[in-house]
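**Student:** Just dropping this structure here.
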Amino acid sequence: MKIYLVIALCLVLIPQLHGAEINLVLQANYVQADQQASWYEGDTGILAYSKDGANLQQAVLNVSDNFSSGLGYEMVANYYPLGERHAGFSQALLTYKPLSQNKVRWRARAGLFYPAMSLENVSQGWLSPYSYTQSAINSWLGEELRIAGIEMTLFSPGRARNSAFSWELHGGTFKGNDPMGAMLTWRGFAMHDRQSLYNEQIPMAAYPSVTGAKRLNHPAYVEPFHEFDGRLGYYLGAHLEYFKQTRLRYYYYDNQADPTQVNAQRIYGWRTRFHSLALQHQLTDSTRIIAQWMSGDTVMGKRYVAADFNAWYVLLSHTIDQHRVSARFDKFVVKEDDIFPWDWNDSHSQALTLAWRYDVSPQWQIGLEQHVNRNYAASRLSLKQEPQIEQQQTMAVVQYRWSH
């Protein structure tokens, strides 16, 4: 289904806003950064901010509603000061969940959305309630992954079977996302909280092996949501939950793209596949641990550019009254496996993020975050930069939430 049709149908439903759930999140921050310019500025830093000062971090508007017929809709609009496009949609979808008392039930959704891989980005609008700088895995998914298609789900709540276990099986098919893998390979993983808007460009450094007229002659940006070859991509997922204590989610994704396809802008298709496994365990009523692992590969052209990638993180979060304290350790690597010796794509990093968030009231929240990472990217050598750098970022955030 074309995303434009889904957006149009959602707009038809929005006049029913008197019954809709509307959530608006505004975040402003003050950042102390390490001055290493990011990919948003055409450089190679893996953090979004490179200048000290105050910023409007983001605005996220989420509108959703469910009707007695089982039909529902959701639209997420975003505003960011950073990036090529400042305002647009990150999600727009229709949902259908028929009423049923059966032990095994079904639901469906269609439009532009994320598969439910993440146990980190679980707040409305695909935000994280734990930190302001997201894990490398989910930062990348927010950049390059979006499903423009249809998902079917079979699920069985444990209470319907008098069982401690609930389960879900997901299957989705889609078009678009053919260039997914380009940013991951050429820049490597990054860490931030910006979601790419539909049909926007993601800038990157002008690596000579990429943008050189005698090399790939690719522009210094990526447009990750294009369709080149007419092939349908797909993903499969399985969720298992034990009471409300333990959750496990496994997904396999394959965009089925033809890596030899290239458009008039010299943007190629990338065949990208990966496995994702996420776990959440409630240690106590106030303490939980979340972990995610991802492993996959991507290829462009006749192995002109190819890479294997692996990433994982472990997050520990604890609440005390209105306070939430979280700590996350990330480790991630991209290893090149292509035929061009002059295209250096190896990268690896490890990072530590500490965050405190305090709910002053139902509307207002304040928070502090300290992030440090050590990252290596061989592609920096082509720009006559040191391949390994250390980055740090201190961030104070004020958040306002309005709901209707």
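Chain lettering (A, B, ...) mirrors the order of the structure tokens, residue numbering begins at 1 for each chain separately, and ligand numbering begins at 1 in order of display.
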Using only C-alpha atoms, determine which residues lie at most 12 Å from Asn310 of chain A, disregarding the query and same-chain residues fewer than 2 positions distant; provide the list as an MDAnalysis selection string.
**Tutor:** chainID A and resid 136:137 184:185 188:189 273:277 292:298 307:308 312:313 330:336 346:349
**Student:** Counting only C-alpha atoms, what is within 6 Å of segment 147-157 of chain A, bar same-chain residues fewer than 4 positions away, as a list in words?
**Tutor:** Lys103, Val104, Arg105, Trp106, Arg107, Ala108, Arg109, Ala110, Gly111, Leu112, Phe113, Tyr114, Ser166, Trp167, Glu168, Leu169, His170, Gly171, Gly172, Thr173, Phe174 and Lys175 of chain A
**Student:** Any idea what's packed within 8 Å of segment 240-243 of chain A, counting only C-alpha atoms, ignoring anything in its chain fewer than 2 positions away? Could you give it as an MDAnalysis selection string?
**Tutor:** chainID A and resid 158 164:168 238 245:249
**Student:** Going by DSSP on the backbone, which bits of segment 24-240 of chain A are strand (DSSP E or B)? Write them as JSON, numbers by chain, please.
**Tutor:** {"A": [24, 25, 26, 27, 28, 29, 30, 31, 32, 33, 38, 45, 47, 53, 54, 55, 56, 57, 58, 59, 60, 61, 62, 63, 64, 65, 66, 71, 72, 73, 74, 75, 76, 77, 78, 79, 87, 88, 89, 90, 91, 92, 93, 94, 95, 96, 105, 106, 107, 108, 109, 110, 111, 112, 113, 123, 127, 147, 148, 149, 150, 151, 152, 153, 154, 155, 156, 165, 166, 167, 168, 169, 170, 171, 172, 173, 174, 175, 191, 202, 203, 221, 222, 233, 234, 235, 236, 237, 238, 239, 240]}
**Student:** Mind dumping the selected residues with C-alpha atoms as a compact mmCIF listing (two decimals), in the first residue's frame?
**Tutor:**
# COMPACT_ATOMS: atom_id res chain seq x y z
CA LEU A 24 2.95 16.05 22.21
CA VAL A 25 6.54 15.82 23.49
CA LEU A 26 8.89 18.81 23.42
CA GLN A 27 12.52 18.45 24.47
CA ALA A 28 15.10 21.22 24.88
CA ASN A 29 18.67 20.63 25.97
CA TYR A 30 21.94 22.23 26.90
CA VAL A 31 24.92 20.27 25.56
CA GLN A 32 28.61 20.26 26.32
CA ALA A 33 30.22 18.43 23.41
CA SER A 38 29.10 14.92 13.08
CA GLY A 45 31.73 12.16 14.49
CA LEU A 47 27.35 11.92 18.07
CA GLY A 53 25.00 25.42 23.76
CA ALA A 54 21.22 25.25 24.07
CA ASN A 55 19.08 23.46 21.47
CA LEU A 56 15.51 22.50 20.79
CA GLN A 57 16.19 18.78 20.75
CA GLN A 58 12.98 17.59 19.14
CA ALA A 59 9.21 17.84 18.99
CA VAL A 60 7.09 14.70 18.50
CA LEU A 61 3.34 14.72 17.86
CA ASN A 62 1.57 11.38 18.11
CA VAL A 63 -2.12 11.11 17.16
CA SER A 64 -3.97 7.79 17.41
CA ASP A 65 -7.43 6.34 17.88
CA ASN A 66 -9.18 2.98 17.90
CA LEU A 71 -10.02 -0.22 12.97
CA GLY A 72 -7.51 2.33 14.21
CA TYR A 73 -4.86 4.72 13.02
CA GLU A 74 -1.64 6.31 14.24
CA MET A 75 0.39 9.20 12.87
CA VAL A 76 3.72 10.49 14.19
CA ALA A 77 5.01 13.87 13.06
CA ASN A 78 8.46 15.10 14.08
CA TYR A 79 10.43 18.32 14.15
CA ALA A 87 9.65 18.54 9.83
CA GLY A 88 7.73 15.57 8.45
CA PHE A 89 6.29 12.14 9.22
CA SER A 90 8.22 9.27 10.75
CA GLN A 91 5.20 6.94 10.98
CA ALA A 92 1.69 6.79 9.49
CA LEU A 93 -0.31 3.58 9.72
CA LEU A 94 -3.70 1.92 9.90
CA THR A 95 -4.35 -0.90 12.36
CA TYR A 96 -7.03 -3.58 12.57
CA ARG A 105 -6.15 -14.12 17.78
CA TRP A 106 -4.91 -11.90 14.98
CA ARG A 107 -4.32 -8.27 14.13
CA ALA A 108 -2.82 -6.35 11.21
CA ARG A 109 -1.32 -2.99 10.35
CA ALA A 110 -0.36 -1.24 7.12
CA GLY A 111 1.53 1.93 6.29
CA LEU A 112 4.84 3.34 7.46
CA PHE A 113 6.04 1.93 10.79
CA SER A 123 7.47 5.27 24.50
CA LEU A 127 11.13 7.42 21.94
CA ILE A 147 8.50 -0.50 6.85
CA ALA A 148 6.26 0.77 4.04
CA GLY A 149 4.05 -2.28 3.85
CA ILE A 150 1.77 -4.69 5.69
CA GLU A 151 2.23 -6.75 8.86
CA MET A 152 0.11 -9.66 10.08
CA THR A 153 0.30 -10.90 13.68
CA LEU A 154 -1.00 -14.03 15.40
CA PHE A 155 -1.00 -13.75 19.18
CA SER A 156 -2.21 -15.63 22.23
CA PHE A 165 3.29 -17.44 28.81
CA SER A 166 1.98 -15.13 26.09
CA TRP A 167 3.28 -15.31 22.53
CA GLU A 168 3.13 -13.45 19.21
CA LEU A 169 4.18 -14.34 15.65
CA HIS A 170 4.80 -11.46 13.22
CA GLY A 171 5.23 -11.47 9.45
CA GLY A 172 5.62 -8.39 7.29
CA THR A 173 6.24 -7.56 3.66
CA PHE A 174 7.18 -4.19 2.22
CA LYS A 175 8.68 -2.12 -0.55
CA MET A 191 24.48 7.26 18.62
CA ILE A 202 20.82 11.66 5.45
CA PRO A 203 24.10 13.53 4.87
CA TYR A 221 24.04 11.58 1.25
CA VAL A 222 21.74 8.57 1.44
CA GLY A 233 11.25 -7.33 1.30
CA TYR A 234 10.10 -9.26 4.34
CA TYR A 235 10.67 -9.83 8.04
CA LEU A 236 9.61 -12.47 10.55
CA GLY A 237 9.35 -12.05 14.29
CA ALA A 238 8.47 -13.99 17.43
CA HIS A 239 7.68 -12.61 20.90
CA LEU A 240 7.52 -14.62 24.12
**Student:** Choose the residue, out of A:Ser139, A:Asn121, A:Asn162, A:Thr260, that has the smallest atom-to-atom separation from Asp178 of chain A; count only C-alpha atoms.
**Tutor:**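 With only C-alpha atoms as the atom set, the closest residue is A:Thr260.
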**Student:** How far is it from atom CA of Trp344 of chain A to atom CA of His371 of chain A, in Å with one decimal?
**Tutor:** 26.9 Å
**Student:** Could you check which of A:Thr319, A:Lys244, A:Trp402, A:Ser69 is closest to Ser100 of chain A, using only C-alpha atoms?
**Tutor:**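 Smallest separation from Ser100 of chain A among the options: A:Ser69.
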